[in-house]
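Taking it in order: structure first as structure tokens, then the write-up.
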Amino acid sequence: MKPFDIVIVGGGGAGLYAAMEAMKTNPSLNIAVLSKVYPNRSHTSAAQGGANAALANKAKDDTVELHIFDTIKGSDYLADQDAVDILCSEAPKIIRELDNIGTPWSRLDDNTIAQRPFGGAGRPRCCYCADKTGHTILQTLYEQCLKKGVFFFNEYFVLNLSVNDSRMKGLVAMNIKTGKIEAFPARTVVFATGGYAKMYWNRSSNAAGNTGDGQAIAYRAGIPLKDMEFVQFHPTGLRKSGLLVTEGARGEGGYLVNMDGERFMSRYAPEKMELGPRDLVARSIETEILQGRGFDSPAGKYVHLDLTHLGADLIKSRLPQIREMSMYFEGVDPIEEPIPVRPTAHYSMGGIDTDNDGRTVMDGVYAAGECACVSVHGANRLGGNSLLDILVFGRIAGRTAAEEARKFEPAPITADEISQTEAMLRSYMRPSGHFERYGTLREELGQTLGMNVGIFREASKIRKGVQDLKDLQERFTHVRVFDTGDVYNTNLLQVLELKNMLDLAETVAEGALAREESRGSHTRTDFPQRDDGKWHKHTLATLEGGSVKLGEKPVTMGRYELQERTY
Amino acid sequence: MTGATELHTEEKREITLRVHRFNPQVDSKPYFDDYTIQVEKGITVLRSLNYIKEHVDASVSFRAFCQAGICGSCGMRINGISKLACTTQVWDELSKCKEPGVIKIEPLRNMPLIKDLIVDMDPLVDKMKHYSNWIVSSMPEPEMGQKEFLVSEEEFQKYEKATDCILCASCVSECTILRAHKEYVSPAVLLKSYRMNVDSRDAIHDTRLGELVKDHGVWDCTHCYRCQETCVKHIPIMEAIHGIREDAIEVRGAKDTSGAKHAEAFMEDIEKKGKLVEATLPIRTNGMAWTLQNLLPMAMKMIMKRRTPPPPLLVKPIKGIKKFREMFREMTEHVKAEQKSHKK
Ligand SMILES: Cc1cc2nc3c(=O)[nH]c(=O)nc-3n(C[C@H](O)[C@H](O)[C@H](O)COP(=O)(O)OP(=O)(O)OC[C@H]3O[C@@H](n4cnc5c(N)ncnc54)[C@H](O)[C@@H]3O)c2cc1C
Ligand code: SF4
Ligand code: SF4
Ligand code: FES
């Protein structure tokens, strides 16, 4: 294959914006987007709430400056302040641009783009399209890419970066429909593969494919990952699937109730009760469960989100989606019965370490979106800032790659590399020595992470987690792919995704063990305070000699001094 | 309120999933495999399939991603109806089984089969491209990002529902015309085209419409309503189809060369529903006289060709309807007489 100038891995919001911008920056470039699912299936579609931008349509006194402050404070001062500046300054422009190309934003009475309040923001600045914001943004971007004739390789699974003496040569990927391993020689590669929160498996709100493939591929190629220990939990996920029950349910007056029939939030947040901040509510539910006041079921322990007292009319008129969800996914009608819920892993703050232009430490390799860590979210992401992140930094990474592509000479990917990869994949299918089922390993991965590297962390538990991960890695060498066919082998894909999650889980656990403080989403019961003296810095995880090596990187300050984070 | 003494046992049942299998590398034709498993109440069809894949037969292949009814990956036919596996409760399907306790799982129709429950989505994407299913912004490029369009709530409401579409292709799978004509535009693409055409920010309304009225376009729809009845997001797809037709007549009017198509649509209405659906008819915009002059003769020719006398006609009284009914009756008699003479 002729070398590409740019290959973008991922067709979510970040990848599509990168593609559009790269084409605009230099129309003569030869650009491809590879995605393991059709781009419109990407997880960006799941975002309901909206995207933040200080348009000041709703609150006339909103400013970019206020948005910056909210973001830095929300990050528990771990975000890089120059990056946050870019994020918030670009926000109004990019939201308008989306309007200009067809995103169906909801509207205010004066026909401008609608905005609503969102957690952690001092002004109502979250732009939305009903409860399907991510879906409509993704549709718009996909439509525009089709219009521009972006070259899509849909249902291609990227396996690894081809690197020779730290010189990136391109990618090796599998055509899922045929099973064929193909080389994609490229001058530049942009990773936009989304988050890794699915490693918590049934305790995650993420799509099945949010397995951190891009991060794992970069990590194995020697590129550092930043702040991997920061994983955001949402308080109310459905028990069986981890799918999200949005704040709306509590906003309308839903109760959180434990096994004793007690509205336990009275003990944690007597004033705000169920409407306390996300992380506090999540910790409270987790505490109830850990102290034995949760319900038990084959699918795990949980508490009740009780809406029954709100009455059928209110539930039907104000919370139809939530009712539909619990009926579809739990078989429970909230008019008649409480919804079984527990906290669920929702967003990964950590990711591939990049600079403000999307560059990684490796020449020609860029990253953007949830798979990257610039860092604009620091220790805790604000709702509505992630869609913004993927748009703003997707665009920037696309532009940088387009500007720099011609700096790098292409190099061939050898037939040897391809056949080695083929042999590696085939080896999983050999019966001898291969007997482990990926489903079992994946289940155990989710469990140990949830128990030992979940909401509450402490040294002894994390160490247990680290040990479990080592055992799982060992057992993974015996994993068996039972489907030996070439065409659309989802069994093989799931095994490859499991390997990616296992590798990344180690960086999450090691980061969590090292960071002896509590900051943002990272709560150490043995170190309950934020420790700015020792830990006001990023962690960097690199792969050395088969295990995680931790380094560090300073936080860029500039605008706001460290303060205590209180709400 | 649930007390501490509640027993947390859950209802369990044994069910069978009868799954369509086909691996192009080894099978010359598709077959079915039965998987009998224990499931608890509250489990979806997708979770049952996942269970089978993980514990019984790893080679069963299907698509799924979000597991939350938003990505559109897991469209398949469950007990004969196209829908999402991830939002379908096993318990709800049990009452719909032909054979008690056996849920039949098949791939979507009207798209090329790849393996087991997986079909090729590329033809649908190609159609989206063919019908320009995107906005060409009326904002000049240099001004982009600097100001927003003002859009009224009224306009927003015109396409709000249509933007719910997750391209799951369930409607495509159920479309009656597509079974016969693979080139047919498809309901989802009509819906998307409509959504673009009513958006005031768009600049290529007429070009898109020009494409939609050509062969395999909007006039080929038989008005069977299957797409709308199937839509997993409950989108009123027929409103979009009517909308495009009305728009076509309004903008392109009688000078349109696709007059024959109008007549076809008109006949289809009569044959399928025994009535005229006003929105599809040019009566309102072009008047009864025009319709009688232009459409009825053409429709008559078609009836002669097919030799199926249409059912009696129901129409809301409109000016000129008496004359219309008369001619229609005459025409029907004529066809019947023709048929009789043929039988002899
Ligand atoms: C339930 C939910 C609700 C949310 N709500 C909000 C909200 O209201 N506001 C907000 O700002 N954020 C929200 N978020 C977060 C936000 O949606 C995500 O962070 C964001 O959409 C990620 O976009 P992305 O482009 O980085 O990745 P994704 O959209 O996840 O796309 C990743 C892409 O990479 C591809 N890919 C991955 N691995 C490979 C591989 N190996 N080979 C080839 N391709 C690959 C995939 O096919 C996909 O196209 C929410 C998240 C969840 C889970
Ligand atoms: S109404 Fe038209 S588009 Fe819908 S299923 Fe019937 S023929 Fe197809
Ligand atoms: S119109 Fe409905 S059924 Fe058809 S693809 Fe869209 S969501 Fe699916
Ligand atoms: S898996 Fe996404 S819609 Fe069913």
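Just so we're on the same page: first chain in the structure tokens is A, next is B, and so on; residues restart at 1 for each chain, and ligands are numbered from 1 in the order they show up.
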Protein and nucleic residues near ligand 4, 6 Å, only C-alpha atoms and all ligand atoms, as a tab-separated table (two decimals) with N, CA, C and O atoms, in the first residue's frame:
chain	number	residue	atom	x	y	z
B	64	ALA	N	-22.14	-5.79	18.62
B	64	ALA	CA	-22.72	-5.07	19.75
B	64	ALA	C	-21.64	-4.14	20.25
B	64	ALA	O	-20.46	-4.48	20.19
B	65	PHE	N	-22.02	-2.98	20.73
B	65	PHE	CA	-20.99	-2.05	21.20
B	65	PHE	C	-21.44	-1.34	22.47
B	65	PHE	O	-20.99	-1.65	23.56
B	66	CYS	N	-22.39	-0.41	22.35
B	66	CYS	CA	-22.76	0.40	23.51
B	66	CYS	C	-23.55	-0.40	24.53
B	66	CYS	O	-23.50	-0.12	25.71
B	67	GLN	N	-24.30	-1.38	24.08
B	67	GLN	CA	-25.20	-2.18	24.93
B	67	GLN	C	-26.24	-1.31	25.60
B	67	GLN	O	-26.80	-1.67	26.63
B	68	ALA	N	-26.49	-0.15	25.05
B	68	ALA	CA	-27.40	0.79	25.69
B	68	ALA	C	-28.40	1.40	24.71
B	68	ALA	O	-28.99	2.42	24.98
B	69	GLY	N	-28.56	0.78	23.56
B	69	GLY	CA	-29.57	1.25	22.62
B	69	GLY	C	-29.26	2.58	21.94
B	69	GLY	O	-30.15	3.25	21.47
B	70	ILE	N	-27.99	2.94	21.86
B	70	ILE	CA	-27.67	4.24	21.26
B	70	ILE	C	-26.72	4.15	20.07
B	70	ILE	O	-26.70	5.04	19.22
B	71	CYS	N	-25.96	3.06	19.94
B	71	CYS	CA	-24.97	3.03	18.86
B	71	CYS	C	-25.52	2.40	17.59
B	71	CYS	O	-24.97	2.59	16.51
B	72	GLY	N	-26.60	1.62	17.71
B	72	GLY	CA	-27.22	1.03	16.53
B	72	GLY	C	-26.52	-0.20	15.96
B	72	GLY	O	-26.82	-0.62	14.86
B	73	SER	N	-25.59	-0.79	16.71
B	73	SER	CA	-24.83	-1.93	16.19
B	73	SER	C	-25.61	-3.23	16.15
B	73	SER	O	-25.38	-4.07	15.29
B	74	CYS	N	-26.51	-3.43	17.13
B	74	CYS	CA	-27.00	-4.78	17.40
B	74	CYS	C	-28.35	-5.07	16.78
B	74	CYS	O	-29.09	-5.91	17.29
B	84	LEU	N	-33.39	-4.02	18.21
B	84	LEU	CA	-32.09	-4.04	18.88
B	84	LEU	C	-32.05	-5.15	19.92
B	84	LEU	O	-32.94	-5.23	20.77
B	85	ALA	N	-31.00	-5.97	19.87
B	85	ALA	CA	-30.89	-7.05	20.84
B	85	ALA	C	-30.63	-6.51	22.24
B	85	ALA	O	-31.04	-7.11	23.23
B	86	CYS	N	-29.97	-5.36	22.32
B	86	CYS	CA	-29.56	-4.89	23.65
B	86	CYS	C	-30.70	-4.24	24.42
B	86	CYS	O	-30.60	-4.05	25.62
Neighbours of chain B in chain A at 7 Å, counting only C-alpha atoms, as an MDAnalysis selection string: chainID A and resid 41:43 45:46 93:94 96:97 99:102 107 111:112 136 143:144 146:147 206:209 259:261 296:297 328:331 439 482:483 490:491
Residues from last step as file, C-alpha atoms, as a PDB file, in the first residue's frame:
ATOM      1  CA  ARG A  41     -21.234   3.692  16.408  1.00  0.00           C
ATOM      2  CA  SER A  42     -18.404   5.233  18.445  1.00  0.00           C
ATOM      3  CA  HIS A  43     -18.902   5.890  22.085  1.00  0.00           C
ATOM      4  CA  SER A  45     -22.813   8.816  20.757  1.00  0.00           C
ATOM      5  CA  ALA A  46     -23.483   7.893  24.390  1.00  0.00           C
ATOM      6  CA  LYS A  93     -15.927  28.979  18.351  1.00  0.00           C
ATOM      7  CA  ILE A  94     -16.125  25.234  17.991  1.00  0.00           C
ATOM      8  CA  ARG A  96     -20.750  27.638  16.750  1.00  0.00           C
ATOM      9  CA  GLU A  97     -18.857  25.855  14.034  1.00  0.00           C
ATOM     10  CA  ASP A  99     -23.973  24.757  14.531  1.00  0.00           C
ATOM     11  CA  ASN A 100     -22.799  26.080  11.183  1.00  0.00           C
ATOM     12  CA  ILE A 101     -22.363  22.571   9.772  1.00  0.00           C
ATOM     13  CA  GLY A 102     -25.653  21.187  10.997  1.00  0.00           C
ATOM     14  CA  ARG A 107     -32.677  26.433  21.139  1.00  0.00           C
ATOM     15  CA  ASN A 111     -33.393  31.178  18.800  1.00  0.00           C
ATOM     16  CA  THR A 112     -29.794  30.933  19.997  1.00  0.00           C
ATOM     17  CA  THR A 136     -26.018  14.390  17.221  1.00  0.00           C
ATOM     18  CA  GLU A 143     -21.938  13.391   7.679  1.00  0.00           C
ATOM     19  CA  GLN A 144     -19.391  16.115   7.042  1.00  0.00           C
ATOM     20  CA  LEU A 146     -18.676  11.636   4.127  1.00  0.00           C
ATOM     21  CA  LYS A 147     -19.289  14.892   2.327  1.00  0.00           C
ATOM     22  CA  ASN A 206     -18.783   2.494  28.776  1.00  0.00           C
ATOM     23  CA  ALA A 207     -19.269   0.678  25.490  1.00  0.00           C
ATOM     24  CA  ALA A 208     -17.828  -2.820  25.218  1.00  0.00           C
ATOM     25  CA  GLY A 209     -15.052  -1.530  22.995  1.00  0.00           C
ATOM     26  CA  MET A 259     -31.163  -2.726  52.685  1.00  0.00           C
ATOM     27  CA  ASP A 260     -32.535  -1.435  55.998  1.00  0.00           C
ATOM     28  CA  GLY A 261     -34.904   0.847  54.156  1.00  0.00           C
ATOM     29  CA  ASP A 296     -27.029  -8.863  47.262  1.00  0.00           C
ATOM     30  CA  SER A 297     -27.634 -10.580  43.955  1.00  0.00           C
ATOM     31  CA  TYR A 328     -34.900  -2.450  28.957  1.00  0.00           C
ATOM     32  CA  PHE A 329     -31.772  -3.306  30.874  1.00  0.00           C
ATOM     33  CA  GLU A 330     -32.942  -4.477  34.315  1.00  0.00           C
ATOM     34  CA  GLY A 331     -36.495  -5.524  33.560  1.00  0.00           C
ATOM     35  CA  GLY A 439     -14.832 -14.169  29.585  1.00  0.00           C
ATOM     36  CA  PHE A 482     -12.020 -20.954  20.044  1.00  0.00           C
ATOM     37  CA  ASP A 483     -13.245 -19.436  16.811  1.00  0.00           C
ATOM     38  CA  THR A 490     -15.182 -11.344  17.339  1.00  0.00           C
ATOM     39  CA  ASN A 491     -13.787 -13.979  19.663  1.00  0.00           C
TER      40      ASN A 491
END
List all protein, DNA and RNA residues that have at least one atom no more than 9 Å from any atom of ligand 2, counting only C-alpha atoms and all ligand atoms, and write them as a ChimeraX atom specification. /B:171-178,184-188,190,218-230,237-238,241
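The two atoms in question, CA of Ile6 (chain A) and CA of Ile176 (chain A), are spaced 21.1 Å apart.
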